[in-house]
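Below is one structure; the comments refer to it alone.
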Amino acid sequence: MATPKLMRSPSLRERVEDTLSAHRNELVSLLSRFVAQGKGILQPHQLIDEFENVVDDGEADQTLKDGPFDEVLKSTQEAIVLPPFVAIAVRPRPGVWEYVRVNVYELSVEQLTVSEYLQFKEELVTEGKYNDHFVLELDFEPFNATFPRPTRSSSIGNGVQFLNRHLSSSMFRNRDSLEPLLDFLRAHRHKGHMMMLNDRIYSIPRLQSSLVKAENFLNKLPPETPYSEFEHDLQGLGFERGWGDTADRALEMMHLLMDILQAPDPSTLETFLGRIPMVFNVVILSPHGYFGQANVLGLPDTGGQIVYILDQVRALENEMLLRIQQRGLSVTPRILIVTRLIPDAKGTSCNQRLERVSGTSHTHILRVPFRNEKGILRKWISRFDVWPYLETFTEDAASEIGAELQGVPDLIIGNYSDGNLVASLLAHKMGVTQCTIAHALEKTKYPDSDIYWKKFEDKYHFSCQFTADLIAMNNSDFIITSTYQEIAGTKNTVGQYESHTAFTLPGLYRVVHGIDVFDTKFNIVSPGADMCIYFPYSEKEKRLTALHGSIEKLLYDPEQNEEHIGTLSDKSKPIVFSMARLDHVKNITGLVECYAKNSKLRELVNLVVVAGYNDVKKSNDREEIAEIEKMHDLMKKYKLDGQLRWISAQTNRARNGELYRYIADTGGAFVQPAFYEAFGLTVVEAMTCGLPTFATCHGGPAEIIENGVSGFHIDPYHPDKVASVLAEFFQQCKDDPKYWKKISDAGLKRIYERYTWKIYSERLMTLAGVYGFWKYVSKLERRETRRYLEMFYILKYRDLVKSVPLSADVEQ
């Protein structure tokens, strides 16, 4: 029997050439249609539509559609048309890209490098005017070339597991390679006090011998014996505090270390490192917006990120206290949320320097003002305008943090682009482990905001923001995301981080390798909702019935004022409900319009939206003002009074939680219609309250919801279909009342399995321990990368921020 030959997979260029050879006329017809559209960028749906048209018009037969070129086209994320050339960026799977260019007139095909493709793309803007062969190119790949990483797309977002597997196999090859672990345990201190090991243990053999003696000693004690009763015995063997608060816990911890020394296993290593007491002081950065605990939600740049962080720190403090207690320590943890102090605080607490977070004992909001040489800024400024103030803010924050903690933190967590840049600067200055949380990377929200950055610059200053994002994501020790999609998208859509793999800002710089989504720094850690606030409608004994009067007034009071406009004339109808900031991306006006155009949906349900202000005079935000005007126009155009209630942003979280449940009582549903949503905290909140949920298929909600099982995916780019899906759901609920409860129960099951703050905080603490350890014992500190980033920051970022206008509103 003949041995089968291993065949090399054809390259992208070869597949296109083969198609040209087999289907010359058909492909020429298709490519000519692309070229006929003139210079520009074609998106995937435009490419597929033209391909379908070629087949439908009889210019190509079915064999072309069933061939390899169909797969190429379905994997294409964009095509650049510069007649007679068409260049395509093909993504066969998440994180993997290829580029090819076809000369339609000569029917020649060439494979392009990333740099060549970006240079070709730049001609859309430069039109050949700038023939500069010495453009600044950013390439981070050489710094990571020797560092192993997974290759399967399914492994993206599981960085710590891969890191542990690789480094444990290399570290534990022989006894000598265990020395870094011993050094780490011996060096471990908090405020000068030894933890884990003392000087009696100075070698691996001595450690192993002491562990055996300690095991024999602890086995003779009752499991619940407090650490204080055997502390001196363990000290004599070389062990300090940190192993456990009881004999049982100390023994369990020592068994983990013994297992690692004898037969290393990545999961055992992760468990052990996660339990070593390393994180006592945490600093969380979130400079922009109004960061407060009351009366802030709905103010400009103030939404889900604030809720996320406040819920995060409550869960994190509880987890830190539990771990400190279980390790037998008497340390008081501290968490500082560092944000901007705003003197003109609009009735909020944002002008207070220090504010304890409610529901915590050791967590505070520390506010530091923005300032320049003329003085302190008094008023809010947009998140797009903060860039000139962040370096001074970092210096001032470092001093304030040092004063509060009487030292440096153990972990710094950045949030959004501005917070992540400040976190990078602080982590570098203090030598501390850095965690990055993007929440939303603006580059994916605004199509073509890189290639046409100059069109966006006056309003958004994306040149500064994209530069800050590149610095932060490459400087960070680890990155946590809420979903896989945030990193690497789906089979057909590009992830937020993945969009920073390669791009160009013509005239500034070209990014040929910006971030690698296969990097082991990426980890998926999904948040939850505060279950004290958000709990199922069916838990009657916990319901806040005292708020029902005010909620009923909010929904049905006929008075028209600055809090609510529009009326609901039929109270018996279920309510379709949405709550979000009033901006273009959140697409609340899109939901209103799709509801207004569907007579069946209007007949079945009422619509209630909670979003922004209803008076343009109340807003300072450019986007919000445009959306307010659009909302008023829609209400008049479609005569929505009697079926639509528009409620201004609500800041009372307890009442908002009961509002979700009140909507559930009507047999209603929650809709999240954003064009893109990085995670979707309101989706989790609604599902936690038992409300059937319809959410955008673009971004995180597509992972939270199992379509048709625990909720429904909707595509905001097809509003007519959104309205139809909603109408079908409510008609089915009308025909079969059990259907509503089926979807509600499945949503709750999904939340309890995956999306709770308890799961989140346990994972975050473990990651901080693991990455802190590997940073100490290996080359994972990425020193070469950081020197490269310093140069990029000083030579490029500092220059870019000078173009952002400074606020004239300063206090001397």
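Identifiers in the structure tokens: chain A, B, ... in order shown; residue index from 1 per chain; ligand index from 1 in order shown.
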
Segment 166-333 of chain A: which residues are strand (DSSP E or B) by DSSP, as a PyMOL selection string? chain A and resi 189-190+193-194+197+226+239+246+281-285

Could you turn the residues from that selection into a file that holds N, CA and C atoms, as an mmCIF file, in the first residue's frame?
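Final output, saved to part-v8.cif:
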data_model
loop_
_atom_site.group_PDB
_atom_site.id
_atom_site.type_symbol
_atom_site.label_atom_id
_atom_site.label_comp_id
_atom_site.auth_asym_id
_atom_site.auth_seq_id
_atom_site.Cartn_x
_atom_site.Cartn_y
_atom_site.Cartn_z
ATOM 1 N N ARG A 189 8.272 39.279 51.454
ATOM 2 C CA ARG A 189 8.097 40.107 52.644
ATOM 3 C C ARG A 189 6.921 41.053 52.449
ATOM 4 N N HIS A 190 6.384 41.526 53.559
ATOM 5 C CA HIS A 190 5.393 42.600 53.510
ATOM 6 C C HIS A 190 5.738 43.602 54.591
ATOM 7 N N HIS A 193 8.353 42.525 57.057
ATOM 8 C CA HIS A 193 8.128 41.293 57.818
ATOM 9 C C HIS A 193 8.258 40.082 56.898
ATOM 10 N N MET A 194 9.057 39.090 57.357
ATOM 11 C CA MET A 194 9.246 37.867 56.575
ATOM 12 C C MET A 194 7.944 37.092 56.470
ATOM 13 N N LEU A 197 9.193 31.719 54.185
ATOM 14 C CA LEU A 197 10.426 31.048 54.619
ATOM 15 C C LEU A 197 11.362 32.020 55.315
ATOM 16 N N PRO A 226 -5.320 26.454 65.700
ATOM 17 C CA PRO A 226 -4.929 27.776 65.179
ATOM 18 C C PRO A 226 -3.414 27.875 64.972
ATOM 19 N N PHE A 239 9.885 28.005 58.656
ATOM 20 C CA PHE A 239 8.657 28.500 58.026
ATOM 21 C C PHE A 239 8.091 29.699 58.791
ATOM 22 N N THR A 246 -4.757 27.537 60.038
ATOM 23 C CA THR A 246 -4.972 26.328 60.837
ATOM 24 C C THR A 246 -3.971 25.269 60.404
ATOM 25 N N ASN A 281 -2.083 45.537 48.705
ATOM 26 C CA ASN A 281 -2.450 46.900 48.318
ATOM 27 C C ASN A 281 -2.650 46.968 46.802
ATOM 28 N N VAL A 282 -3.825 47.407 46.390
ATOM 29 C CA VAL A 282 -4.161 47.476 44.970
ATOM 30 C C VAL A 282 -4.540 48.905 44.604
ATOM 31 N N VAL A 283 -4.028 49.383 43.467
ATOM 32 C CA VAL A 283 -4.407 50.698 42.937
ATOM 33 C C VAL A 283 -5.122 50.484 41.610
ATOM 34 N N ILE A 284 -6.285 51.099 41.467
ATOM 35 C CA ILE A 284 -7.103 50.976 40.254
ATOM 36 C C ILE A 284 -7.252 52.360 39.636
ATOM 37 N N LEU A 285 -6.878 52.502 38.361
ATOM 38 C CA LEU A 285 -6.894 53.796 37.678
ATOM 39 C C LEU A 285 -8.108 53.933 36.775
#

Could you produce a table of the residues of segment 379-440 of chain A lying within 10 Å of segment 663-686 of chain A, with the nearest pair of atoms per residue and their separation in Å rounded to one decimal, using only C-alpha atoms, ordered by chain and increasing residue number, as a Markdown table?
| residue | atom | partner | partner_atom | distance |
| --- | --- | --- | --- | --- |
| A:Ala438 | CA | A:Ala678 | CA | 8.8 |
| A:His439 | CA | A:Ala678 | CA | 6.2 |
| A:Ala440 | CA | A:Ala678 | CA | 5.5 |

Would you please give, as a VMD selection string, all residues of segment 630-777 of chain A that DSSP assigns to alpha helix (DSSP H) based on the backbone? chain A and resid 630 to 637 653 to 665 681 to 688 701 to 704 719 to 735 738 to 754 757 to 777

Could you list, with a cut-off of 6 Å and counting only C-alpha atoms, the residues of segment 534-625 of chain A near segment 643-651 of chain A, each shown with its nearest atom pair and the distance in Å rounded to one decimal, rows sorted by chain and ascending number, as CSV?
residue,atom,partner,partner_atom,distance
A:Glu563,CA,A:Ser648,CA,5.1
A:His564,CA,A:Ile647,CA,4.3
A:Ile565,CA,A:Trp646,CA,5.4
A:Gly566,CA,A:Arg645,CA,4.7
A:Thr567,CA,A:Arg645,CA,5.4
A:Leu568,CA,A:Gln643,CA,4.9
A:Asn606,CA,A:Gln643,CA,5.0
A:Leu607,CA,A:Leu644,CA,4.9
A:Val608,CA,A:Arg645,CA,4.8
A:Val609,CA,A:Trp646,CA,5.2
A:Val610,CA,A:Ile647,CA,4.7
A:Ala611,CA,A:Ala649,CA,4.8
A:Gly612,CA,A:Ala649,CA,4.8
A:Tyr613,CA,A:Ser648,CA,5.0

Suppose we keep all heavy atoms; can you now write the selection as a short mmCIF file (atom, residue, chain, number, x, y, z; two decimals), in the first residue's frame?
data_model
loop_
_atom_site.label_atom_id
_atom_site.label_comp_id
_atom_site.auth_asym_id
_atom_site.auth_seq_id
_atom_site.Cartn_x
_atom_site.Cartn_y
_atom_site.Cartn_z
N GLU A 563 -37.50 64.68 33.60
CA GLU A 563 -37.18 63.30 33.95
C GLU A 563 -37.82 62.30 32.99
O GLU A 563 -37.25 61.25 32.71
CB GLU A 563 -37.60 62.97 35.38
CG GLU A 563 -37.10 61.59 35.81
CD GLU A 563 -37.38 61.25 37.27
OE1 GLU A 563 -38.35 61.78 37.84
OE2 GLU A 563 -36.63 60.43 37.81
N HIS A 564 -39.01 62.61 32.48
CA HIS A 564 -39.65 61.67 31.57
C HIS A 564 -40.59 62.38 30.61
O HIS A 564 -41.30 63.31 30.99
CB HIS A 564 -40.41 60.58 32.34
CG HIS A 564 -41.22 61.07 33.49
ND1 HIS A 564 -42.38 61.82 33.35
CD2 HIS A 564 -41.05 60.91 34.83
CE1 HIS A 564 -42.88 62.10 34.54
NE2 HIS A 564 -42.08 61.57 35.45
N ILE A 565 -40.56 61.93 29.36
CA ILE A 565 -41.49 62.43 28.36
C ILE A 565 -42.06 61.25 27.57
O ILE A 565 -41.47 60.17 27.54
CB ILE A 565 -40.85 63.46 27.39
CG1 ILE A 565 -39.68 62.85 26.63
CG2 ILE A 565 -40.41 64.71 28.13
CD1 ILE A 565 -39.11 63.77 25.55
N GLY A 566 -43.21 61.48 26.94
CA GLY A 566 -43.93 60.40 26.26
C GLY A 566 -44.80 59.66 27.27
O GLY A 566 -44.52 59.65 28.47
N THR A 567 -45.88 59.05 26.79
CA THR A 567 -46.79 58.34 27.69
C THR A 567 -47.04 56.93 27.19
O THR A 567 -46.81 56.61 26.02
CB THR A 567 -48.14 59.08 27.79
OG1 THR A 567 -48.72 59.16 26.47
CG2 THR A 567 -47.99 60.47 28.36
N LEU A 568 -47.52 56.08 28.12
CA LEU A 568 -47.92 54.71 27.81
C LEU A 568 -49.40 54.60 28.11
O LEU A 568 -49.81 54.60 29.27
CB LEU A 568 -47.12 53.70 28.63
CG LEU A 568 -45.59 53.78 28.52
CD1 LEU A 568 -44.93 52.74 29.43
CD2 LEU A 568 -45.13 53.58 27.08
N ASN A 606 -45.22 47.97 24.73
CA ASN A 606 -44.77 49.35 24.90
C ASN A 606 -43.25 49.37 24.88
O ASN A 606 -42.60 48.34 25.10
CB ASN A 606 -45.25 49.90 26.24
CG ASN A 606 -46.75 50.13 26.27
OD1 ASN A 606 -47.34 50.59 25.30
ND2 ASN A 606 -47.39 49.81 27.39
N LEU A 607 -42.69 50.54 24.64
CA LEU A 607 -41.22 50.70 24.66
C LEU A 607 -40.85 51.74 25.71
O LEU A 607 -41.42 52.84 25.74
CB LEU A 607 -40.71 51.15 23.28
CG LEU A 607 -39.20 51.45 23.18
CD1 LEU A 607 -38.37 50.21 23.49
CD2 LEU A 607 -38.85 51.99 21.79
N VAL A 608 -39.90 51.37 26.58
CA VAL A 608 -39.37 52.30 27.58
C VAL A 608 -37.85 52.33 27.44
O VAL A 608 -37.19 51.28 27.45
CB VAL A 608 -39.74 51.86 29.02
CG1 VAL A 608 -39.03 52.72 30.05
CG2 VAL A 608 -41.25 51.91 29.23
N VAL A 609 -37.30 53.54 27.28
CA VAL A 609 -35.84 53.68 27.23
C VAL A 609 -35.39 54.64 28.32
O VAL A 609 -36.01 55.66 28.56
CB VAL A 609 -35.35 54.18 25.84
CG1 VAL A 609 -35.66 53.15 24.77
CG2 VAL A 609 -35.93 55.52 25.48
N VAL A 610 -34.30 54.26 28.98
CA VAL A 610 -33.66 55.12 29.99
C VAL A 610 -32.33 55.53 29.40
O VAL A 610 -31.44 54.69 29.23
CB VAL A 610 -33.48 54.39 31.33
CG1 VAL A 610 -32.71 55.27 32.31
CG2 VAL A 610 -34.82 53.98 31.92
N ALA A 611 -32.19 56.82 29.07
CA ALA A 611 -30.97 57.24 28.37
C ALA A 611 -30.80 58.75 28.41
O ALA A 611 -31.69 59.50 28.01
CB ALA A 611 -31.02 56.79 26.91
N GLY A 612 -29.65 59.19 28.90
CA GLY A 612 -29.23 60.59 28.81
C GLY A 612 -30.21 61.61 29.35
O GLY A 612 -30.96 61.36 30.30
N TYR A 613 -30.21 62.79 28.74
CA TYR A 613 -31.15 63.86 29.04
C TYR A 613 -32.18 63.93 27.92
O TYR A 613 -31.92 63.48 26.81
CB TYR A 613 -30.43 65.22 29.11
CG TYR A 613 -29.40 65.35 30.21
CD1 TYR A 613 -28.03 65.34 29.89
CD2 TYR A 613 -29.76 65.52 31.53
CE1 TYR A 613 -27.07 65.48 30.88
CE2 TYR A 613 -28.81 65.66 32.53
CZ TYR A 613 -27.46 65.63 32.19
OH TYR A 613 -26.51 65.77 33.18
#

Kindly assemble as a tab-separated table a list of the segment 590-666 of chain A residues that lie within 12 Å of segment 457-460 of chain A, each paired with its nearest atom pair and their distance in Å to one decimal, using only C-alpha atoms, sorted first by chain and then by ascending residue number.
residue	atom	partner	partner_atom	distance
A:Asp621	CA	A:Lys459	CA	11.2
A:Arg622	CA	A:Lys459	CA	9.1
A:Glu623	CA	A:Lys459	CA	10.3

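Across the model, the gap from atom CA of Arg782 of chain A to atom CA of Leu256 of chain A is 29.0 Å.
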
Spatial neighbours of Val511 of chain A, max dist 10 Å, only C-alpha atoms, sep filter under 5 positions, as a PyMOL selection string: chain A and resi 114-115+118+136-140+470+500-505

Okay, now the selection with all heavy atoms, as a short mmCIF file (atom, residue, chain, number, x, y, z; two decimals), in the first residue's frame?
data_model
loop_
_atom_site.label_atom_id
_atom_site.label_comp_id
_atom_site.auth_asym_id
_atom_site.auth_seq_id
_atom_site.Cartn_x
_atom_site.Cartn_y
_atom_site.Cartn_z
N VAL A 114 3.01 42.54 5.60
CA VAL A 114 2.16 43.49 6.34
C VAL A 114 2.53 44.92 5.96
O VAL A 114 1.67 45.75 5.68
CB VAL A 114 2.32 43.30 7.87
CG1 VAL A 114 1.44 44.29 8.62
CG2 VAL A 114 2.01 41.89 8.29
N SER A 115 3.83 45.19 5.96
CA SER A 115 4.31 46.54 5.67
C SER A 115 3.90 46.99 4.26
O SER A 115 3.46 48.12 4.05
CB SER A 115 5.83 46.60 5.83
OG SER A 115 6.30 47.89 5.61
N LEU A 118 0.12 47.75 4.16
CA LEU A 118 -0.21 49.02 4.81
C LEU A 118 0.27 50.20 3.97
O LEU A 118 -0.41 51.24 3.88
CB LEU A 118 0.42 49.09 6.21
CG LEU A 118 -0.16 48.11 7.24
CD1 LEU A 118 0.63 48.18 8.54
CD2 LEU A 118 -1.64 48.38 7.50
N LEU A 136 8.18 55.70 10.09
CA LEU A 136 8.33 55.04 11.39
C LEU A 136 7.45 53.80 11.41
O LEU A 136 6.23 53.89 11.28
CB LEU A 136 7.94 55.99 12.52
CG LEU A 136 7.86 55.37 13.93
CD1 LEU A 136 9.22 54.82 14.35
CD2 LEU A 136 7.35 56.39 14.94
N GLU A 137 8.06 52.63 11.55
CA GLU A 137 7.31 51.38 11.66
C GLU A 137 7.48 50.80 13.05
O GLU A 137 8.61 50.65 13.54
CB GLU A 137 7.79 50.36 10.62
CG GLU A 137 7.34 50.69 9.21
CD GLU A 137 7.49 49.50 8.26
OE1 GLU A 137 8.22 48.55 8.59
OE2 GLU A 137 6.88 49.56 7.18
N LEU A 138 6.37 50.46 13.68
CA LEU A 138 6.41 49.83 14.99
C LEU A 138 6.29 48.33 14.83
O LEU A 138 5.36 47.84 14.19
CB LEU A 138 5.25 50.33 15.86
CG LEU A 138 5.32 51.79 16.30
CD1 LEU A 138 4.09 52.14 17.10
CD2 LEU A 138 6.56 52.06 17.13
N ASP A 139 7.24 47.61 15.42
CA ASP A 139 7.25 46.16 15.29
C ASP A 139 7.69 45.57 16.63
O ASP A 139 8.86 45.60 16.99
CB ASP A 139 8.23 45.75 14.19
CG ASP A 139 8.18 44.26 13.90
OD1 ASP A 139 7.48 43.54 14.63
OD2 ASP A 139 8.85 43.82 12.93
N PHE A 140 6.70 45.02 17.36
CA PHE A 140 7.00 44.43 18.68
C PHE A 140 7.33 42.94 18.59
O PHE A 140 7.70 42.34 19.59
CB PHE A 140 5.81 44.64 19.63
CG PHE A 140 5.61 46.07 20.02
CD1 PHE A 140 4.72 46.87 19.32
CD2 PHE A 140 6.32 46.63 21.06
CE1 PHE A 140 4.54 48.21 19.67
CE2 PHE A 140 6.15 47.95 21.43
CZ PHE A 140 5.26 48.75 20.73
N LEU A 470 -1.45 51.36 22.37
CA LEU A 470 -0.30 50.51 22.00
C LEU A 470 0.71 50.44 23.13
O LEU A 470 1.25 49.37 23.43
CB LEU A 470 0.38 51.06 20.75
CG LEU A 470 -0.26 50.73 19.40
CD1 LEU A 470 0.43 51.52 18.30
CD2 LEU A 470 -0.17 49.24 19.11
N HIS A 500 -5.56 45.91 16.58
CA HIS A 500 -4.30 46.63 16.80
C HIS A 500 -3.09 45.81 16.38
O HIS A 500 -1.96 46.21 16.62
CB HIS A 500 -4.18 47.01 18.28
CG HIS A 500 -5.20 48.02 18.72
ND1 HIS A 500 -6.52 47.69 18.91
CD2 HIS A 500 -5.09 49.34 19.01
CE1 HIS A 500 -7.19 48.77 19.29
NE2 HIS A 500 -6.34 49.78 19.35
N THR A 501 -3.34 44.66 15.73
CA THR A 501 -2.22 43.84 15.25
C THR A 501 -1.43 44.58 14.19
O THR A 501 -0.20 44.63 14.22
CB THR A 501 -2.76 42.51 14.67
OG1 THR A 501 -3.51 41.83 15.67
CG2 THR A 501 -1.63 41.63 14.18
N ALA A 502 -2.13 45.14 13.22
CA ALA A 502 -1.47 45.88 12.13
C ALA A 502 -2.41 46.98 11.66
O ALA A 502 -3.57 46.70 11.33
CB ALA A 502 -1.12 44.95 10.98
N PHE A 503 -1.92 48.21 11.65
CA PHE A 503 -2.72 49.33 11.13
C PHE A 503 -1.78 50.49 10.84
O PHE A 503 -0.59 50.45 11.17
CB PHE A 503 -3.82 49.74 12.11
CG PHE A 503 -3.34 50.32 13.41
CD1 PHE A 503 -3.22 51.70 13.60
CD2 PHE A 503 -3.04 49.49 14.49
CE1 PHE A 503 -2.80 52.24 14.80
CE2 PHE A 503 -2.62 50.02 15.70
CZ PHE A 503 -2.49 51.40 15.87
N THR A 504 -2.31 51.51 10.20
CA THR A 504 -1.47 52.66 9.86
C THR A 504 -2.19 53.97 10.14
O THR A 504 -3.41 54.07 9.98
CB THR A 504 -1.04 52.61 8.38
OG1 THR A 504 -0.22 53.74 8.09
CG2 THR A 504 -2.24 52.59 7.43
N LEU A 505 -1.43 54.92 10.63
CA LEU A 505 -1.88 56.30 10.76
C LEU A 505 -1.02 57.11 9.79
O LEU A 505 0.08 57.55 10.14
CB LEU A 505 -1.69 56.83 12.20
CG LEU A 505 -2.39 56.06 13.32
CD1 LEU A 505 -2.07 56.69 14.67
CD2 LEU A 505 -3.89 56.03 13.12
#

Between atom CA of Leu336 of chain A and atom CA of His364 of chain A, distance in Å (one decimal):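 Here the two named atoms are 5.2 Å from each other.
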
Using only C-alpha atoms, which residues sit within 8 Å of Asp715 of chain A once same-chain residues fewer than 6 positions away are excluded, as a VMD selection string? chain A and resid 673 675 696 to 698 721 to 722

Kindly save the residues from that selection, with C-alpha atoms included, as a PDB file, in the first residue's frame.
ATOM      1  CA  PRO A 673     -29.063  47.387  20.617  1.00  0.00           C
ATOM      2  CA  PHE A 675     -23.526  48.708  17.231  1.00  0.00           C
ATOM      3  CA  THR A 696     -26.233  42.902  19.924  1.00  0.00           C
ATOM      4  CA  CYS A 697     -24.309  40.171  18.128  1.00  0.00           C
ATOM      5  CA  HIS A 698     -21.349  42.561  17.807  1.00  0.00           C
ATOM      6  CA  LYS A 721     -35.065  41.984  11.451  1.00  0.00           C
ATOM      7  CA  VAL A 722     -34.562  43.111  15.077  1.00  0.00           C
TER       8      VAL A 722
END

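For the choices A:Ala468, A:Gly414, A:Arg101, A:Pro92, the atom-to-atom distance to Leu800 of chain A is smallest for A:Ala468 when using only C-alpha atoms.
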
What's the 7 Å shell around segment 486-499 of chain A, counting only C-alpha atoms, without same-chain residues fewer than 6 positions away, as an mmCIF file with N, CA, C and O atoms, in the first residue's frame?
data_model
loop_
_atom_site.group_PDB
_atom_site.id
_atom_site.type_symbol
_atom_site.label_atom_id
_atom_site.label_comp_id
_atom_site.auth_asym_id
_atom_site.auth_seq_id
_atom_site.Cartn_x
_atom_site.Cartn_y
_atom_site.Cartn_z
ATOM 1 N N SER A 75 -13.308 34.930 4.075
ATOM 2 C CA SER A 75 -12.330 35.239 5.131
ATOM 3 C C SER A 75 -11.728 36.632 4.991
ATOM 4 O O SER A 75 -10.926 37.045 5.814
ATOM 5 N N ARG A 93 -8.392 32.547 10.108
ATOM 6 C CA ARG A 93 -8.908 32.247 11.448
ATOM 7 C C ARG A 93 -8.482 33.364 12.386
ATOM 8 O O ARG A 93 -7.578 34.157 12.057
ATOM 9 N N PRO A 94 -9.116 33.469 13.569
ATOM 10 C CA PRO A 94 -8.766 34.564 14.487
ATOM 11 C C PRO A 94 -7.272 34.636 14.781
ATOM 12 O O PRO A 94 -6.629 33.634 15.086
ATOM 13 N N GLY A 95 -6.722 35.829 14.620
ATOM 14 C CA GLY A 95 -5.319 36.080 14.935
ATOM 15 C C GLY A 95 -4.343 35.804 13.814
ATOM 16 O O GLY A 95 -3.150 36.060 13.953
ATOM 17 N N LEU A 441 -12.083 49.592 23.269
ATOM 18 C CA LEU A 441 -11.038 50.226 22.467
ATOM 19 C C LEU A 441 -11.729 50.952 21.322
ATOM 20 O O LEU A 441 -12.435 50.342 20.523
ATOM 21 N N THR A 444 -12.222 50.077 17.279
ATOM 22 C CA THR A 444 -13.221 49.188 16.685
ATOM 23 C C THR A 444 -14.600 49.835 16.618
ATOM 24 O O THR A 444 -15.455 49.393 15.861
ATOM 25 N N VAL A 517 -2.450 38.558 19.542
ATOM 26 C CA VAL A 517 -3.554 38.039 20.359
ATOM 27 C C VAL A 517 -3.245 36.655 20.915
ATOM 28 O O VAL A 517 -3.966 36.170 21.803
ATOM 29 N N ALA A 678 -18.369 46.009 24.135
ATOM 30 C CA ALA A 678 -17.214 45.202 24.527
ATOM 31 C C ALA A 678 -17.627 44.033 25.415
ATOM 32 O O ALA A 678 -17.200 42.897 25.209
ATOM 33 N N GLY A 699 -19.834 41.902 19.577
ATOM 34 C CA GLY A 699 -19.123 42.097 20.827
ATOM 35 C C GLY A 699 -19.474 41.047 21.864
ATOM 36 O O GLY A 699 -19.953 39.947 21.559
ATOM 37 N N GLY A 700 -19.245 41.396 23.124
ATOM 38 C CA GLY A 700 -19.368 40.470 24.240
ATOM 39 C C GLY A 700 -20.709 39.795 24.439
ATOM 40 O O GLY A 700 -20.754 38.612 24.792
#

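Between Ala250 of chain A and the residues A:Leu218, A:Val279, A:Ala695, A:Met765, the shortest atom-to-atom distance, using only C-alpha atoms, involves A:Leu218.
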
Excluding Arg15 of chain A and its own-chain neighbours fewer than 3 positions away, which residues fall within 9 Å of it when counting only C-alpha atoms? Please give them as an NGL selection string. :A and (10-12 or 18-20 or 68-69 or 72)

Please list as a ChimeraX atom specification every residue within 7 Å of Ala427 of chain A, counting only C-alpha atoms and excluding residues in the same chain fewer than 6 positions away. /A:412,433-434

Write out, as a PDB file, in the first residue's frame, the residues just selected, with N, CA and C atoms.
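Now in out.pdb:
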ATOM      1  N   ILE A 412      -1.257  47.156  40.135  1.00  0.00           N
ATOM      2  CA  ILE A 412      -1.897  48.340  39.561  1.00  0.00           C
ATOM      3  C   ILE A 412      -2.777  47.879  38.401  1.00  0.00           C
ATOM      4  N   THR A 433       3.578  45.039  39.350  1.00  0.00           N
ATOM      5  CA  THR A 433       2.821  44.262  38.370  1.00  0.00           C
ATOM      6  C   THR A 433       1.631  45.079  37.870  1.00  0.00           C
ATOM      7  N   GLN A 434       1.459  45.074  36.552  1.00  0.00           N
ATOM      8  CA  GLN A 434       0.391  45.873  35.924  1.00  0.00           C
ATOM      9  C   GLN A 434      -0.614  44.979  35.221  1.00  0.00           C
TER      10      GLN A 434
END

Compile a residue-level contact table for segment 264-353 of chain A against segment 392-395 of chain A at a cut-off of 10 Å, reporting for every qualifying residue the shortest atom pair and its distance in Å to one decimal, with only C-alpha atoms counted, rows ordered by chain and ascending number, as CSV.
residue,atom,partner,partner_atom,distance
A:Pro287,CA,A:Phe393,CA,8.9
A:Thr339,CA,A:Phe393,CA,9.4
A:Arg340,CA,A:Phe393,CA,8.4

Within 12 Å of segment 758-763 of chain A: each segment 475-511 of chain A residue with its shortest pair, only C-alpha atoms, as JSON lines:
{"residue": "A:Ile480", "atom": "CA", "partner": "A:Arg763", "partner_atom": "CA", "distance": 10.1}
{"residue": "A:Thr481", "atom": "CA", "partner": "A:Tyr760", "partner_atom": "CA", "distance": 11.1}
{"residue": "A:Ser482", "atom": "CA", "partner": "A:Tyr760", "partner_atom": "CA", "distance": 9.7}

For the selection just defined, write its residues with N, CA, C and O atoms to a file, as a PDB file, in the first residue's frame.
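See again_24.pdb below for the written result:
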ATOM      1  N   ILE A 480      -6.726  41.457  31.188  1.00  0.00           N
ATOM      2  CA  ILE A 480      -7.935  40.659  31.346  1.00  0.00           C
ATOM      3  C   ILE A 480      -9.048  41.268  30.498  1.00  0.00           C
ATOM      4  O   ILE A 480      -9.177  42.483  30.383  1.00  0.00           O
ATOM      5  N   THR A 481      -9.795  40.391  29.873  1.00  0.00           N
ATOM      6  CA  THR A 481     -10.922  40.804  29.055  1.00  0.00           C
ATOM      7  C   THR A 481     -12.157  40.063  29.548  1.00  0.00           C
ATOM      8  O   THR A 481     -12.056  39.031  30.220  1.00  0.00           O
ATOM      9  N   SER A 482     -13.303  40.597  29.216  1.00  0.00           N
ATOM     10  CA  SER A 482     -14.545  39.977  29.664  1.00  0.00           C
ATOM     11  C   SER A 482     -14.954  38.823  28.764  1.00  0.00           C
ATOM     12  O   SER A 482     -15.686  37.932  29.195  1.00  0.00           O
TER      13      SER A 482
END

What are the nearest atom pairs, with distances in Å to one decimal, for all residues of segment 287-370 of chain A that come at most 9 Å from segment 571-586 of chain A, using only C-alpha atoms, set out by chain and rising residue number as CSV?
residue,atom,partner,partner_atom,distance
A:Leu297,CA,A:Arg581,CA,8.8
A:Gly298,CA,A:Arg581,CA,6.2
A:Leu299,CA,A:Arg581,CA,8.5
A:Pro300,CA,A:Arg581,CA,8.3
A:Asp301,CA,A:Arg581,CA,8.5
A:Thr302,CA,A:Arg581,CA,8.3
A:Gly303,CA,A:Arg581,CA,6.9
A:Gly304,CA,A:Ala580,CA,8.6
